[in-house]
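File shown: coords.txt. Contents: compact mmCIF, C-alpha atoms.
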# COMPACT_ATOMS: atom_id res chain seq x y z
CA MET L 1 -18.20 82.24 -31.98
CA GLN L 2 -14.73 81.59 -30.61
CA VAL L 3 -13.37 78.07 -30.29
CA SER L 4 -13.64 78.31 -26.47
CA GLU L 5 -17.36 79.15 -26.75
CA TYR L 6 -18.04 76.06 -28.86
CA ALA L 7 -16.10 73.94 -26.35
CA VAL L 8 -17.99 75.32 -23.34
CA LYS L 9 -21.34 74.74 -25.05
CA ALA L 10 -20.30 71.17 -25.88
CA THR L 11 -19.18 70.33 -22.34
CA ASN L 12 -22.36 71.86 -20.90
CA SER L 13 -24.38 69.72 -23.29
CA PHE L 14 -22.42 66.49 -22.73
CA ALA L 15 -20.59 66.03 -19.42
CA LEU L 16 -17.93 63.36 -19.04
CA PRO L 17 -19.59 60.34 -17.36
CA ASP L 18 -18.78 59.82 -13.69
CA ILE L 19 -17.21 56.41 -14.42
CA CYS L 20 -14.45 58.07 -16.49
CA LEU L 21 -13.57 60.41 -13.64
CA ARG L 22 -13.65 57.60 -11.06
CA ILE L 23 -11.41 55.27 -13.10
CA ARG L 24 -8.96 58.11 -13.67
CA LYS L 25 -8.91 58.80 -9.92
CA MET L 26 -8.27 55.10 -9.18
CA LEU L 27 -5.43 54.92 -11.70
CA ASP L 28 -3.80 57.97 -10.12
CA ASP L 29 -4.16 56.40 -6.65
CA ASP L 30 -1.36 53.93 -5.82
CA ASN L 31 -3.62 52.19 -3.28
CA SER L 32 -6.25 51.15 -5.84
CA ALA L 33 -6.25 47.52 -7.02
CA ILE L 34 -6.91 46.25 -10.54
CA GLU L 35 -9.98 44.40 -9.23
CA ASP L 36 -11.45 47.69 -7.94
CA ILE L 37 -11.39 49.10 -11.48
CA ALA L 38 -12.95 45.93 -12.94
CA ASN L 39 -15.65 46.01 -10.27
CA LEU L 40 -16.46 49.62 -11.06
CA VAL L 41 -16.84 48.94 -14.80
CA SER L 42 -18.96 45.84 -14.14
CA LEU L 43 -21.62 48.09 -12.53
CA ASP L 44 -22.45 49.25 -16.07
CA PRO L 45 -23.41 46.03 -17.96
CA SER L 46 -23.72 47.76 -21.33
CA MET L 47 -20.25 49.29 -21.08
CA ALA L 48 -18.78 46.05 -19.66
CA SER L 49 -20.12 44.08 -22.62
CA LYS L 50 -18.75 46.54 -25.16
CA LEU L 51 -15.37 46.68 -23.42
CA LEU L 52 -15.03 42.90 -23.58
CA LYS L 53 -15.85 43.02 -27.29
CA LEU L 54 -13.23 45.73 -27.82
CA ALA L 55 -10.67 43.81 -25.72
CA ASN L 56 -11.16 40.84 -28.08
CA SER L 57 -11.16 43.01 -31.21
CA PRO L 58 -8.33 43.81 -33.66
CA LEU L 59 -7.34 46.72 -31.40
CA PHE L 60 -5.63 44.14 -29.17
CA ARG L 61 -3.89 41.01 -30.35
CA PHE L 62 -4.19 38.58 -27.46
CA ARG L 63 -3.40 34.90 -27.76
CA SER L 64 -6.43 33.84 -25.77
CA GLN L 65 -10.00 35.03 -25.34
CA VAL L 66 -10.48 37.78 -22.76
CA ASP L 67 -13.66 36.57 -21.03
CA SER L 68 -13.85 38.66 -17.85
CA LEU L 69 -13.31 42.27 -16.91
CA THR L 70 -10.70 41.37 -14.30
CA LYS L 71 -8.79 39.41 -16.94
CA ALA L 72 -9.21 42.28 -19.36
CA VAL L 73 -7.72 44.72 -16.85
CA ASN L 74 -4.92 42.30 -15.95
CA VAL L 75 -4.08 41.59 -19.58
CA ILE L 76 -4.37 45.04 -21.08
CA GLY L 77 -3.63 47.13 -17.98
CA GLY L 78 -5.51 49.90 -16.22
CA GLU L 79 -4.47 52.70 -18.61
CA ALA L 80 -5.57 50.68 -21.63
CA LEU L 81 -8.90 49.97 -19.96
CA TYR L 82 -9.33 53.68 -19.26
CA ASN L 83 -8.66 54.37 -22.95
CA LEU L 84 -11.31 51.80 -23.88
CA VAL L 85 -13.81 53.39 -21.49
CA MET L 86 -13.01 56.76 -23.08
CA ALA L 87 -13.48 55.24 -26.55
CA GLU L 88 -16.92 54.02 -25.50
CA THR L 89 -17.61 57.50 -24.07
CA ALA L 90 -16.55 59.02 -27.40
CA SER L 91 -19.06 56.76 -29.10
CA THR L 92 -21.80 58.03 -26.76
CA ALA L 93 -20.72 61.65 -27.36
CA PHE L 94 -20.84 61.13 -31.13
CA GLN L 95 -24.42 59.88 -30.82
CA HIS L 96 -25.31 62.81 -28.55
CA PHE L 97 -24.10 65.41 -31.08
CA ALA L 98 -25.27 63.51 -34.19
CA ASN L 99 -27.62 65.42 -36.47
CA SER L 100 -28.97 65.29 -40.02
CA ASP L 101 -26.60 68.02 -41.23
CA ILE L 102 -23.56 65.72 -41.11
CA ASP L 103 -22.69 62.56 -43.01
CA LEU L 104 -22.33 60.37 -39.92
CA LYS L 105 -21.06 57.34 -41.82
CA ARG L 106 -18.20 59.42 -43.26
CA PHE L 107 -17.52 60.99 -39.85
CA TRP L 108 -17.32 57.57 -38.13
CA GLN L 109 -15.14 56.08 -40.87
CA GLN L 110 -12.72 59.00 -40.76
CA SER L 111 -12.49 58.81 -36.96
CA ILE L 112 -11.96 55.02 -36.91
CA TYR L 113 -9.41 55.16 -39.76
CA ALA L 114 -7.47 57.92 -37.96
CA GLY L 115 -7.48 55.87 -34.76
CA LEU L 116 -6.35 52.61 -36.37
CA VAL L 117 -3.62 54.25 -38.47
CA ALA L 118 -2.35 56.24 -35.47
CA LYS L 119 -2.30 53.14 -33.25
CA HIS L 120 -0.43 51.11 -35.87
CA LEU L 121 2.12 53.86 -36.50
CA ALA L 122 2.69 54.26 -32.74
CA LYS L 123 3.26 50.53 -32.50
CA LEU L 124 5.76 50.63 -35.36
CA CYS L 125 7.52 53.48 -33.56
CA LYS L 126 7.60 51.30 -30.41
CA ILE L 127 5.71 53.85 -28.32
CA ARG L 128 4.28 52.30 -25.16
CA GLY L 129 0.50 52.26 -24.75
CA SER L 130 -0.24 52.47 -28.46
CA GLU L 131 -3.99 52.05 -27.87
CA ARG L 132 -3.96 55.65 -26.56
CA PHE L 133 -3.35 56.68 -30.17
CA PHE L 134 -6.52 54.93 -31.26
CA LEU L 135 -8.40 57.15 -28.82
CA LEU L 136 -6.59 60.28 -30.05
CA GLY L 137 -7.56 59.44 -33.62
CA LEU L 138 -11.11 58.72 -32.59
CA LEU L 139 -11.51 62.02 -30.73
CA HIS L 140 -9.52 64.39 -32.95
CA ASN L 141 -12.52 65.43 -35.05
CA LEU L 142 -15.20 65.68 -32.34
CA GLY L 143 -15.18 69.41 -33.01
CA GLU L 144 -16.83 68.84 -36.39
CA LEU L 145 -19.94 67.39 -34.73
CA VAL L 146 -20.05 70.24 -32.22
CA VAL L 147 -19.67 72.99 -34.84
CA THR L 148 -22.28 71.33 -37.10
CA THR L 149 -24.73 71.20 -34.17
CA GLU L 150 -24.21 74.89 -33.42
CA ASN L 151 -23.86 76.27 -36.96
CA ALA L 152 -24.65 73.89 -39.83
CA THR L 153 -24.17 76.66 -42.43
CA LEU L 154 -20.52 77.23 -41.45
CA ALA L 155 -19.89 73.49 -41.17
CA ASN L 156 -21.27 73.05 -44.68
CA LEU L 157 -18.85 75.69 -45.99
CA CYS L 158 -16.01 73.73 -44.33
CA GLN L 159 -16.93 70.74 -46.51
CA LYS L 160 -16.08 72.61 -49.73
CA PHE L 161 -12.39 71.62 -49.61
CA ASP L 162 -10.58 70.57 -52.78
CA GLN L 163 -7.12 69.83 -54.19
CA GLN L 164 -6.05 73.44 -53.63
CA VAL L 165 -7.44 73.95 -50.13
CA SER L 166 -7.13 71.22 -47.47
CA PRO L 167 -10.00 70.63 -45.00
CA TRP L 168 -8.08 72.06 -42.01
CA LYS L 169 -7.00 75.20 -43.93
CA LEU L 170 -10.60 75.77 -45.00
CA GLN L 171 -11.78 75.30 -41.42
CA LYS L 172 -9.28 77.97 -40.25
CA GLN L 173 -10.40 80.35 -43.01
CA THR L 174 -14.10 79.79 -42.28
CA LEU L 175 -14.17 79.46 -38.49
CA GLY L 176 -10.88 80.96 -37.32
CA PHE L 177 -9.88 77.55 -35.91
CA SER L 178 -9.75 73.91 -37.00
CA TYR L 179 -12.07 71.15 -35.81
CA ALA L 180 -9.06 69.64 -34.03
CA ASP L 181 -8.58 72.91 -32.09
CA CYS L 182 -12.19 72.63 -30.91
CA SER L 183 -11.76 68.94 -30.01
CA ALA L 184 -8.65 69.73 -27.95
CA GLU L 185 -10.49 72.49 -26.04
CA ILE L 186 -13.33 70.07 -25.20
CA LEU L 187 -10.90 67.39 -24.00
CA LYS L 188 -9.16 69.95 -21.76
CA LEU L 189 -12.50 71.01 -20.27
CA TRP L 190 -13.26 67.33 -19.63
CA ARG L 191 -9.95 67.34 -17.67
CA LEU L 192 -8.50 64.41 -19.58
CA PRO L 193 -4.82 63.63 -18.95
CA THR L 194 -2.43 65.83 -20.96
CA GLN L 195 -1.33 62.90 -23.15
CA LEU L 196 -4.93 62.64 -24.38
CA HIS L 197 -5.14 66.16 -25.75
CA PHE L 198 -1.68 67.69 -26.31
CA PRO L 199 -1.02 65.84 -29.63
CA ILE L 200 -4.43 67.05 -30.91
CA VAL L 201 -3.74 70.70 -30.02
CA SER L 202 -0.86 70.82 -32.54
CA ILE L 203 -2.08 68.15 -34.96
CA HIS L 204 -1.95 70.51 -37.98
CA ASP L 205 1.28 72.31 -37.00
CA GLU L 206 3.93 70.94 -39.36
CA ASP L 207 6.86 72.39 -37.40
CA LYS L 208 5.72 70.70 -34.18
CA ALA L 209 4.90 67.51 -36.08
CA ILE L 210 8.51 67.37 -37.26
CA THR L 211 9.99 67.90 -33.80
CA ASN L 212 7.56 65.79 -31.73
CA LYS L 213 7.03 62.13 -32.67
CA GLU L 214 3.56 61.82 -31.11
CA ILE L 215 2.29 64.92 -32.92
CA GLY L 216 3.99 63.66 -36.10
CA ILE L 217 2.13 60.34 -35.85
CA MET L 218 -1.23 62.06 -35.35
CA HIS L 219 -0.52 64.61 -38.10
CA THR L 220 0.14 61.75 -40.52
CA ALA L 221 -2.72 59.49 -39.37
CA VAL L 222 -5.33 62.24 -39.78
CA ARG L 223 -4.17 62.95 -43.33
CA VAL L 224 -4.31 59.27 -44.25
CA ALA L 225 -7.85 59.06 -42.82
CA VAL L 226 -9.03 62.11 -44.77
CA ALA L 227 -7.56 60.69 -47.99
CA LEU L 228 -9.24 57.31 -47.37
CA VAL L 229 -12.74 58.77 -46.95
CA ASN L 230 -12.28 61.38 -49.70
CA ASN L 231 -10.45 59.26 -52.27
CA ASP L 232 -12.29 61.06 -55.05
CA VAL L 233 -10.48 64.26 -54.01
CA TYR L 234 -7.14 63.15 -52.51
CA ALA L 235 -4.54 60.43 -52.78
CA THR L 236 -2.58 59.73 -49.57
CA LYS L 237 0.57 61.27 -51.07
CA ASP L 238 -1.34 64.54 -51.67
CA LEU L 239 -1.81 65.08 -47.94
CA VAL L 240 0.99 63.24 -46.08
CA ASN L 241 4.09 65.37 -45.54
CA PRO L 242 7.17 63.19 -46.32
CA VAL L 243 9.34 65.31 -43.98
CA VAL L 244 6.96 64.69 -41.07
CA LEU L 245 6.82 60.98 -41.90
CA GLU L 246 10.62 60.72 -42.01
CA SER L 247 10.94 62.62 -38.72
CA THR L 248 8.93 59.88 -36.98
CA GLY L 249 11.38 57.26 -38.24
CA LEU L 250 8.82 55.77 -40.63
CA ASP L 251 8.74 55.44 -44.41
CA ASP L 252 6.23 54.93 -47.24
CA GLU L 253 6.32 51.16 -46.89
CA LEU L 254 5.48 51.26 -43.17
CA LEU L 255 2.77 53.85 -43.86
CA ASP L 256 1.26 51.46 -46.41
CA ASP L 257 1.28 48.76 -43.69
CA ALA L 258 -0.73 51.04 -41.40
CA LEU L 259 -3.09 52.01 -44.20
CA ASN L 260 -3.76 48.36 -45.12
CA TYR L 261 -4.24 47.44 -41.44
CA ALA L 262 -6.82 50.23 -41.05
CA LYS L 263 -8.69 49.21 -44.21
CA MET L 264 -8.76 45.58 -43.09
CA GLU L 265 -9.93 46.19 -39.52
CA ALA L 266 -12.10 49.32 -39.73
CA ASN L 267 -15.41 47.56 -40.35
CA LYS L 268 -14.87 45.13 -37.46
CA VAL L 269 -14.14 47.94 -35.00
CA LEU L 270 -16.97 50.06 -36.42
CA ALA L 271 -19.41 47.16 -35.93
CA ILE L 272 -18.56 47.08 -32.21
CA MET L 273 -18.49 50.81 -31.61
CA HIS L 274 -21.33 51.92 -33.87
CA PRO L 275 -23.49 48.89 -34.74
CA SER L 276 -26.23 50.96 -36.38
CA SER L 277 -23.81 51.91 -39.17
CA HIS L 278 -23.97 48.30 -40.37
Represent the supplied structure as structure tokens.
Amino acid sequence: MQVSEYAVKATNSFALPDICLRIRKMLDDDNSAIEDIANLVSLDPSMASKLLKLANSPLFRFRSQVDSLTKAVNVIGGEALYNLVMAETASTAFQHFANSDIDLKRFWQQSIYAGLVAKHLAKLCKIRGSERFFLLGLLHNLGELVVTTENATLANLCQKFDQQVSPWKLQKQTLGFSYADCSAEILKLWRLPTQLHFPIVSIHDEDKAITNKEIGIMHTAVRVAVALVNNDVYATKDLVNPVVLESTGLDDELLDDALNYAKMEANKVLAIMHPSSH
């Protein structure tokens, strides 16, 4: 199967919820008010509750408790709220594609680590809307769940990576594309804004990672996450490209900051997004 076929099957199986499309439409409409977005989210009590928990989580560092959706939207902004709604949607998609052929705990940890490291690096690079990078990290490996659902045998072969062959190189050799390629195709079919899929498209392209800071951040964050969940196979320095790291304006010390932040906060965020893992 081609990457596009996997993506089409995935989007036929799990459509983007209407609320995501409606919030996006409101954000792109200059006549929409913040309260309209809060009112829309409040129609889904389960999502509203989870969003308030996320708004008060380590993903955001607010001085006071965010106790209402309107306050949440006012404090974090409409785009950030959209990213939170998409994060909750990602959580639902993960559960939809979950199956016994994948180590879900490892998958969740890798996704959360990638998101937290990416967000922290984006913040250090002073990129506006750094919570978008949490979402990019969270979604970058969705393709693994989709491929495993469709062809567990091939997905199992992709898990045989080692010191000589990285996971993404093995995916290319086995499937003809990487899991990130598949994720990017799904996000395009979901019609997400370009900034929510273009860094994933080129996430394993070192040349683009060197010339584009956002791709460079994602390229680095994904490698840190893989090293963290496969520490019996890789150390961070085995996977992180120092040239890519330097091109983003960061160094080993700042990368260690991001790594420590992710380790410290991952379980708290995981407990909100995927309670059954605890």
Check which residues of region 119-158 of chain L sit at most 10 Å from region 42-62 of chain L using all atoms listed in the file, and return one row each with the closest pair of atoms and their distance in Å to one decimal, ordered by chain and rising number, as CSV.
residue,atom,partner,partner_atom,distance
L:Lys119,CA,L:Leu59,CA,8.4
L:His120,CA,L:Leu59,CA,9.3
L:Ser130,CA,L:Leu59,CA,9.6
L:Glu131,CA,L:Leu59,CA,7.2
L:Phe134,CA,L:Leu59,CA,8.3
Enclosing box along x, y and z for every listed atom of region 144-160 of chain L, padded 5 Å each side, centre and size in Å, one decimal, as JSON:
{"center_x": -20.4, "center_y": 72.3, "center_z": -41.0, "size_x": 18.7, "size_y": 19.8, "size_z": 27.5}
Considering only C-alpha atoms, tabulate each residue of region 153-232 of chain L that lies at most 12 Å from region 7-15 of chain L along with its nearest interatomic pair and the corresponding distance in Å to one decimal; arrange the rows by chain and ascending residue number and present them as CSV.
residue,atom,partner,partner_atom,distance
L:Phe177,CA,L:Ala7,CA,12.0
L:Tyr179,CA,L:Ala7,CA,10.7
L:Ala180,CA,L:Ala7,CA,11.3
L:Asp181,CA,L:Ala7,CA,9.5
L:Cys182,CA,L:Ala7,CA,6.1
L:Ser183,CA,L:Ala7,CA,7.6
L:Ala184,CA,L:Ala7,CA,8.7
L:Glu185,CA,L:Ala7,CA,5.8
L:Ile186,CA,L:Ala7,CA,4.9
L:Leu187,CA,L:Ala7,CA,8.7
L:Lys188,CA,L:Ala7,CA,9.2
L:Leu189,CA,L:Thr11,CA,7.0
L:Trp190,CA,L:Thr11,CA,7.2
L:Arg191,CA,L:Thr11,CA,10.8
* Structure fact -> The distance between CA of Ile203 (chain L) and CA of Ala271 (chain L) is 27.2 Å
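Nearest to Val224 (chain L) of all the residues L:Ser202, L:Gln164, L:Gln65, L:Gln110 is L:Gln110, counting all atoms listed in the file.
Using only C-alpha atoms, the shortest contact distance between Leu104 (chain L) and any of L:Ala38, L:Leu175, L:Leu259, L:Val229 is found at L:Val229.
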12 Å contact set for Ser166 (chain L), all atoms listed in the file, chain neighbours under 2 positions out, as a tab-separated table (two decimals) with C-alpha atoms, keeping the file's coordinate frame:
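So the final result, stored in out29.tsv, reads:
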chain	number	residue	atom	x	y	z
L	158	CYS	CA	-16.01	73.73	-44.33
L	159	GLN	CA	-16.93	70.74	-46.51
L	160	LYS	CA	-16.08	72.61	-49.73
L	161	PHE	CA	-12.39	71.62	-49.61
L	162	ASP	CA	-10.58	70.57	-52.78
L	163	GLN	CA	-7.12	69.83	-54.19
L	164	GLN	CA	-6.05	73.44	-53.63
L	168	TRP	CA	-8.08	72.06	-42.01
L	169	LYS	CA	-7.00	75.20	-43.93
L	170	LEU	CA	-10.60	75.77	-45.00
L	171	GLN	CA	-11.78	75.30	-41.42
L	172	LYS	CA	-9.28	77.97	-40.25
L	173	GLN	CA	-10.40	80.35	-43.01
L	178	SER	CA	-9.75	73.91	-37.00
L	204	HIS	CA	-1.95	70.51	-37.98
L	222	VAL	CA	-5.33	62.24	-39.78
L	223	ARG	CA	-4.17	62.95	-43.33
L	226	VAL	CA	-9.03	62.11	-44.77
L	227	ALA	CA	-7.56	60.69	-47.99
L	230	ASN	CA	-12.28	61.38	-49.70
L	233	VAL	CA	-10.48	64.26	-54.01
L	234	TYR	CA	-7.14	63.15	-52.51
L	238	ASP	CA	-1.34	64.54	-51.67
L	239	LEU	CA	-1.81	65.08	-47.94
L	240	VAL	CA	0.99	63.24	-46.08
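Going from CA of Glu35 (chain L) over to CA of Leu116 (chain L), you cover 28.6 Å.
Omitting region 18-26 of chain L and its sequence neighbours fewer than 3 positions away, and counting all atoms listed in the file, the residues within 10 Å are Ala15, Asp29, Asp30, Asn31, Ser32, Ala33, Ile34, Asp36, Ile37, Ala38, Leu40, Val41, Leu43, Asp44, Gly78, Glu79, Leu81, Tyr82, Asn83, Val85, Met86, Thr89, Trp190, Arg191, Leu192 and Pro193 of chain L.
Reported to one decimal place, the separation of CA of His274 (chain L) from CA of Leu124 (chain L) is 27.2 Å.
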* To do: List the neighbours of Ala98 (chain L) out to 12 Å using all atoms listed in the file; skip same-chain residues closer than 4 positions along the sequence, and give me the result as a ChimeraX atom specification.
  => /L:90-94,102-105,107-108,142-150,152
Same residues, C-alpha atoms, output as an mmCIF file, in the coordinates of the input:
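Generated file (part_27.cif):
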data_model
loop_
_atom_site.group_PDB
_atom_site.id
_atom_site.type_symbol
_atom_site.label_atom_id
_atom_site.label_comp_id
_atom_site.auth_asym_id
_atom_site.auth_seq_id
_atom_site.Cartn_x
_atom_site.Cartn_y
_atom_site.Cartn_z
ATOM 1 C CA ALA L 90 -16.550 59.020 -27.400
ATOM 2 C CA SER L 91 -19.060 56.760 -29.100
ATOM 3 C CA THR L 92 -21.800 58.030 -26.760
ATOM 4 C CA ALA L 93 -20.720 61.650 -27.360
ATOM 5 C CA PHE L 94 -20.840 61.130 -31.130
ATOM 6 C CA ILE L 102 -23.560 65.720 -41.110
ATOM 7 C CA ASP L 103 -22.690 62.560 -43.010
ATOM 8 C CA LEU L 104 -22.330 60.370 -39.920
ATOM 9 C CA LYS L 105 -21.060 57.340 -41.820
ATOM 10 C CA PHE L 107 -17.520 60.990 -39.850
ATOM 11 C CA TRP L 108 -17.320 57.570 -38.130
ATOM 12 C CA LEU L 142 -15.200 65.680 -32.340
ATOM 13 C CA GLY L 143 -15.180 69.410 -33.010
ATOM 14 C CA GLU L 144 -16.830 68.840 -36.390
ATOM 15 C CA LEU L 145 -19.940 67.390 -34.730
ATOM 16 C CA VAL L 146 -20.050 70.240 -32.220
ATOM 17 C CA VAL L 147 -19.670 72.990 -34.840
ATOM 18 C CA THR L 148 -22.280 71.330 -37.100
ATOM 19 C CA THR L 149 -24.730 71.200 -34.170
ATOM 20 C CA GLU L 150 -24.210 74.890 -33.420
ATOM 21 C CA ALA L 152 -24.650 73.890 -39.830
#
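Distance annotation: of L:Thr153, L:Thr70, L:Pro17, L:Ile112, the residue with the minimal separation from Ala225 (chain L) is L:Ile112; atom set is all atoms listed in the file.
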* Check the smallest atom-to-atom distance from each of L:Lys237, L:Pro242, L:Leu135, L:Tyr6 to Pro199 (chain L) using only C-alpha atoms, then report the winner. => L:Leu135
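Here the question is which of L:Asn212, L:Asn39, L:Gln195, L:Asn141 gets nearest to Val244 (chain L) using all atoms listed in the file, and that residue is L:Asn212.
Among the candidate residues L:Leu16, L:Leu121, L:Val66, L:Leu196, the one lying nearest to Asp252 (chain L) is L:Leu121, with distances computed using all atoms listed in the file.
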